[in-house]
Protein chains: 2
Amino acid sequence: MDKGDEPLNVKREQLLDAADRVVQREGSAASMNLIAAEAGITKPILYRHFGDKVGLYRALADRHIDELLGRLRAALATRGGLQARTRATVDAYLTAVEQQPQVYRFLVERAAAEEPDVRGQVQGFVRRFGDELAAGIASEPQLQGLEQERALVWAHAIAGMVQATGDWWLDHPEVPRAVVVDQLTALLWQGFTGVPERVQQ
Amino acid sequence: MDKGDEPLNVKREQLLDAADRVVQREGSAASMNLIAAEAGITKPILYRHFGDKVGLYRALADRHIDELLGRLRAALATRGGLQARTRATVDAYLTAVEQQPQVYRFLVERAAAEEPDVRGQVQGFVRRFGDELAAGIASEPQLQGLEQERALVWAHAIAGMVQATGDWWLDHPEVPRAVVVDQLTALLWQGFTGVPERVQQ
DNA sequence: CTCATGGTGTTACCGTCGGTAACGTCATGT
DNA sequence: ACATGACGTTACCGACGGTAACACCATGAG
């Protein structure tokens with residue numbers, strides 16, 4: 001569903017652009033009125049295009065999610081061993097956090113928490129990342145021993161782990177990204193087993 | 001701070017009890033009016049006691065957080081090897097999720113997302129769990145090789161991992177808790193290293 | 001006895017939010 | 001000429017978070 005009619009979605013994209021600007025500027029104070037004003041119009045048009053607020057938020061989130069998910073997919077599909085690809089994926093995620101913190105916050109906080117009632121519908125960004133990751137893990141040659149259930153649990157665990165670390169890192173920018181990536185990769189790779197020796201950075 | 005004046009906090013606790021009931025019953029639709037009505041009073045009294053909405057939410061969250069954090073601390077301090085204690089802690093967390101899903105949702109969704117502006121103040125539940133965990137990891141005899149920075153990153157990573165898995169599990173109750181616990185422990189313990197063999201459940 | 005204090009409670013109001021009804025305008029193609 | 005439909009408006013609604021103003025007791029001190 002939601003294919004892409006050519007003439008209709010022109011305006012729609014403009015509205016989303018405006019909404020994006022407001023979110024970027026106002027953060028969580030982005031209201032329908034503000035967004036409409038930014039777009040140079042008034043509320044009802046917004047509602048005709050997106051139904052309601054979560055509709056707009058979802059549309060807004062989908063754009064970024066699709067792009068970020070694409071980057072993560074690409075990182076996961078690079079050449080190299082599983083460890084290197086794990087590292088690349090984690091790095092891609094944290095790079096996104098670093099480059100657009102406001103957008104990132106919107107994705108994990110608003111788009112996820114704004115719809116606690118319609119649960120099961122959009123699931124927020126991390127959830128989609130987790131589902132995606134589960135498929136990746138399940139089809140990983142090196143991990144063929146995994147039963148599907150484990151792949152699911154692990155995928156969502158890993159997604160949440162990277163997300164929480166990203167959140168924490170937002171408030172601790174003094175730690176270089178490479179360090180965080182290294183430590184996450186190490187944890188993912190060896191867990192507590194490989195603990196005493198220093199990470200080979 | 002926030003010690004505990006004896007006569008004053010009697011009413012306060014009653015109000016928090018009422019708020020608790022509303023949150024349990026209404027979920028995210030818990031408004032100040034509803035809470036006041038549940039307590040048999042009107043809004044302004046609520047505001048005199050808690051300042052504003054996030055004040056109430058914080059007081060409400062703190063009760064549960066303190067209790068849950070206590071249980072996690074206890075699990076982390078049981079006798080046994082690090083692995084067994086890791087498992088116990090993960091299990092304690094997921095047990096809380098299982099027993100009071102509504103409260104748990106409130107802790108991670110509302111209390112965390114309700115105050116995106118006052119960031120750095122309460123930080124939500126998972127954040128506090130992460131900080132606590134960092135101290136635990138740092139003082140762990142078996143993990144003395146860890147630099148402090150790594151302990152921090154790992155702690156928040158692990159906290160987020162368990163939290164995200166808990167969230168996911170809320171929507172997949174068909175998976176037994178023990179299975180989730182086992183798989184999380186395995187991931188934490190060995191990471192991808194120990195992957196091909198089945199978990200010894 | 002009086003009177004200030006401080007906690008408990010109320011009603012009535014404010015601005016803002018998400019959302020909608022009703023009404024116009026202006027191209028388009030038949 | 002006329003229906004269609006997208007684009008746009010103003011004006012309104014109920015509910016929310018939050019506050020001002022006022023009232024009702026107890027207490028204890030002068």
# chains A, B, ... in the order shown; residues from 1 in each chain; ligands from 1

call {"tool": "select_by_dssp", "arguments": {"residues": "range 29-174 of chain B", "states": "alpha helix (DSSP H)", "output": "PyMOL selection string"}}
result
chain B and resi 32-39+43-50+53-76+82-99+101-105+111-113+124-138+148-170

call {"tool": "closest_atom_pairs", "arguments": {"of": "chain B", "to": "chain D", "cutoff": "8 Å", "atoms": "only C-alpha atoms (C1' of nucleotides)", "output": "tab-separated table"}}
result
residue	atom	partner	partner_atom	distance
B:Ser31	CA	D:DC16	C1'	7.9
B:Met32	CA	D:DG17	C1'	7.9
B:Asp52	CA	D:DG18	C1'	7.8
B:Lys53	CA	D:DG17	C1'	7.6

call {"tool": "write_last_selection", "arguments": {"atoms": "N, CA and C atoms", "output": "PDB file, in the first residue's frame"}}
result
ATOM      1  N   SER B  31      -4.709  11.532  33.138  1.00  0.00           N
ATOM      2  CA  SER B  31      -4.564  12.982  33.167  1.00  0.00           C
ATOM      3  C   SER B  31      -4.643  13.481  34.602  1.00  0.00           C
ATOM      4  N   MET B  32      -4.252  14.727  34.790  1.00  0.00           N
ATOM      5  CA  MET B  32      -4.293  15.298  36.128  1.00  0.00           C
ATOM      6  C   MET B  32      -5.713  15.317  36.674  1.00  0.00           C
ATOM      7  N   ASP B  52       4.087  20.266  39.147  1.00  0.00           N
ATOM      8  CA  ASP B  52       3.477  20.103  37.835  1.00  0.00           C
ATOM      9  C   ASP B  52       3.397  18.631  37.483  1.00  0.00           C
ATOM     10  N   LYS B  53       3.032  18.387  36.252  1.00  0.00           N
ATOM     11  CA  LYS B  53       2.762  17.012  35.855  1.00  0.00           C
ATOM     12  C   LYS B  53       4.020  16.141  35.924  1.00  0.00           C
TER      13      LYS B  53
END

call {"tool": "interface_residues", "arguments": {"of": "chain A", "to": "chain C", "cutoff": "12 Å", "atoms": "only C-alpha atoms (C1' of nucleotides)", "output": "list in words"}}
result
Ala29, Ala30, Ser31, Met32, Asn33, Leu34, Lys43, Pro44, Ile45, Leu46, Tyr47, Arg48, Gly51, Asp52, Lys53 and Val54 of chain A

call {"tool": "write_last_selection", "arguments": {"atoms": "C-alpha atoms", "output": "PDB file, in the first residue's frame"}}
result
ATOM      1  CA  ALA A  29       7.391  21.345  20.779  1.00  0.00           C
ATOM      2  CA  ALA A  30       6.448  20.775  17.153  1.00  0.00           C
ATOM      3  CA  SER A  31       2.695  21.250  17.041  1.00  0.00           C
ATOM      4  CA  MET A  32       0.312  20.979  14.135  1.00  0.00           C
ATOM      5  CA  ASN A  33      -0.193  24.721  14.206  1.00  0.00           C
ATOM      6  CA  LEU A  34       3.516  25.398  14.072  1.00  0.00           C
ATOM      7  CA  LYS A  43      -4.219  23.215  10.087  1.00  0.00           C
ATOM      8  CA  PRO A  44      -7.096  21.625   8.162  1.00  0.00           C
ATOM      9  CA  ILE A  45      -4.950  21.072   5.091  1.00  0.00           C
ATOM     10  CA  LEU A  46      -2.483  19.221   7.201  1.00  0.00           C
ATOM     11  CA  TYR A  47      -5.251  17.028   8.473  1.00  0.00           C
ATOM     12  CA  ARG A  48      -6.563  16.366   5.003  1.00  0.00           C
ATOM     13  CA  GLY A  51      -5.442  12.276   8.793  1.00  0.00           C
ATOM     14  CA  ASP A  52      -4.163  13.052  12.232  1.00  0.00           C
ATOM     15  CA  LYS A  53      -1.026  13.838  14.131  1.00  0.00           C
ATOM     16  CA  VAL A  54       0.326  10.323  14.325  1.00  0.00           C
TER      17      VAL A  54
END

call {"tool": "interface_residues", "arguments": {"of": "chain A", "to": "chain B", "cutoff": "6 Å", "atoms": "only C-alpha atoms", "output": "list of chain:residue names"}}
result
A:Gly145, A:His156, A:Ala157, A:Gly160, A:Met161, A:Ala164, A:Thr165, A:Leu188, A:Trp189, A:Gln190, A:Gly191, A:Phe192, A:Thr193, A:Pro196

call {"tool": "atom_distance", "arguments": {"atom1": "CA of Leu94 in chain B", "atom2": "CA of Arg177 in chain B"}}
result
7.1 Å

call {"tool": "atom_distance", "arguments": {"atom1": "CA of Thr89 in chain A", "atom2": "CA of Ala74 in chain A"}}
result
8.2 Å

call {"tool": "atom_distance", "arguments": {"atom1": "CA of Ala135 in chain A", "atom2": "CA of Ala84 in chain A"}}
result
18.4 Å

call {"tool": "closest_residue", "arguments": {"among": "A:Ala178, A:Leu133, A:Leu68, A:Leu16", "to": "Gln100 in chain A", "atoms": "only C-alpha atoms"}}
result
A:Leu68

call {"tool": "residues_around", "arguments": {"residues": "Arg63 in chain B", "least_positions_apart": "5", "cutoff": "12 Å", "atoms": "only C-alpha atoms (C1' of nucleotides)", "output": "NGL selection string"}}
result
:B and (13 or 16-17 or 19-20 or 56-58 or 68-70 or 103 or 107 or 111 or 125)

call {"tool": "write_last_selection", "arguments": {"atoms": "N, CA and C atoms", "output": "PDB file, in the first residue's frame"}}
result
ATOM      1  N   GLU B  13       1.405  10.322  49.868  1.00  0.00           N
ATOM      2  CA  GLU B  13       1.386   8.909  49.501  1.00  0.00           C
ATOM      3  C   GLU B  13       0.003   8.481  49.022  1.00  0.00           C
ATOM      4  N   LEU B  16      -0.314   9.596  45.535  1.00  0.00           N
ATOM      5  CA  LEU B  16       0.454   8.737  44.640  1.00  0.00           C
ATOM      6  C   LEU B  16      -0.238   7.383  44.452  1.00  0.00           C
ATOM      7  N   ASP B  17      -0.860   6.890  45.515  1.00  0.00           N
ATOM      8  CA  ASP B  17      -1.612   5.649  45.374  1.00  0.00           C
ATOM      9  C   ASP B  17      -2.712   5.808  44.328  1.00  0.00           C
ATOM     10  N   ALA B  19      -2.867   8.018  41.935  1.00  0.00           N
ATOM     11  CA  ALA B  19      -2.239   8.159  40.620  1.00  0.00           C
ATOM     12  C   ALA B  19      -1.843   6.794  40.077  1.00  0.00           C
ATOM     13  N   ASP B  20      -1.337   5.982  40.959  1.00  0.00           N
ATOM     14  CA  ASP B  20      -0.938   4.637  40.560  1.00  0.00           C
ATOM     15  C   ASP B  20      -2.117   3.858  40.009  1.00  0.00           C
ATOM     16  N   LEU B  56       4.718  15.059  39.417  1.00  0.00           N
ATOM     17  CA  LEU B  56       3.937  13.905  39.847  1.00  0.00           C
ATOM     18  C   LEU B  56       4.482  12.632  39.206  1.00  0.00           C
ATOM     19  N   TYR B  57       4.702  12.704  37.910  1.00  0.00           N
ATOM     20  CA  TYR B  57       5.201  11.530  37.203  1.00  0.00           C
ATOM     21  C   TYR B  57       6.522  11.057  37.797  1.00  0.00           C
ATOM     22  N   ARG B  58       7.343  12.019  38.125  1.00  0.00           N
ATOM     23  CA  ARG B  58       8.638  11.636  38.663  1.00  0.00           C
ATOM     24  C   ARG B  58       8.482  10.962  40.025  1.00  0.00           C
ATOM     25  N   LEU B  68      12.064  -1.606  41.916  1.00  0.00           N
ATOM     26  CA  LEU B  68      12.611  -2.486  40.890  1.00  0.00           C
ATOM     27  C   LEU B  68      14.137  -2.474  40.919  1.00  0.00           C
ATOM     28  N   LEU B  69      14.687  -1.291  41.111  1.00  0.00           N
ATOM     29  CA  LEU B  69      16.137  -1.200  41.188  1.00  0.00           C
ATOM     30  C   LEU B  69      16.652  -2.012  42.371  1.00  0.00           C
ATOM     31  N   GLY B  70      15.882  -2.002  43.450  1.00  0.00           N
ATOM     32  CA  GLY B  70      16.260  -2.814  44.600  1.00  0.00           C
ATOM     33  C   GLY B  70      16.283  -4.294  44.257  1.00  0.00           C
ATOM     34  N   VAL B 103       2.665  -0.833  34.558  1.00  0.00           N
ATOM     35  CA  VAL B 103       3.615  -0.011  35.302  1.00  0.00           C
ATOM     36  C   VAL B 103       4.939   0.074  34.539  1.00  0.00           C
ATOM     37  N   LEU B 107       6.964   3.333  33.159  1.00  0.00           N
ATOM     38  CA  LEU B 107       8.340   3.673  33.514  1.00  0.00           C
ATOM     39  C   LEU B 107       9.188   3.980  32.289  1.00  0.00           C
ATOM     40  N   ALA B 111       7.556   8.117  31.789  1.00  0.00           N
ATOM     41  CA  ALA B 111       8.535   8.801  32.636  1.00  0.00           C
ATOM     42  C   ALA B 111       9.785   9.171  31.858  1.00  0.00           C
ATOM     43  N   PHE B 125      14.022   5.548  33.488  1.00  0.00           N
ATOM     44  CA  PHE B 125      14.358   4.412  34.322  1.00  0.00           C
ATOM     45  C   PHE B 125      15.562   3.640  33.797  1.00  0.00           C
TER      46      PHE B 125
END
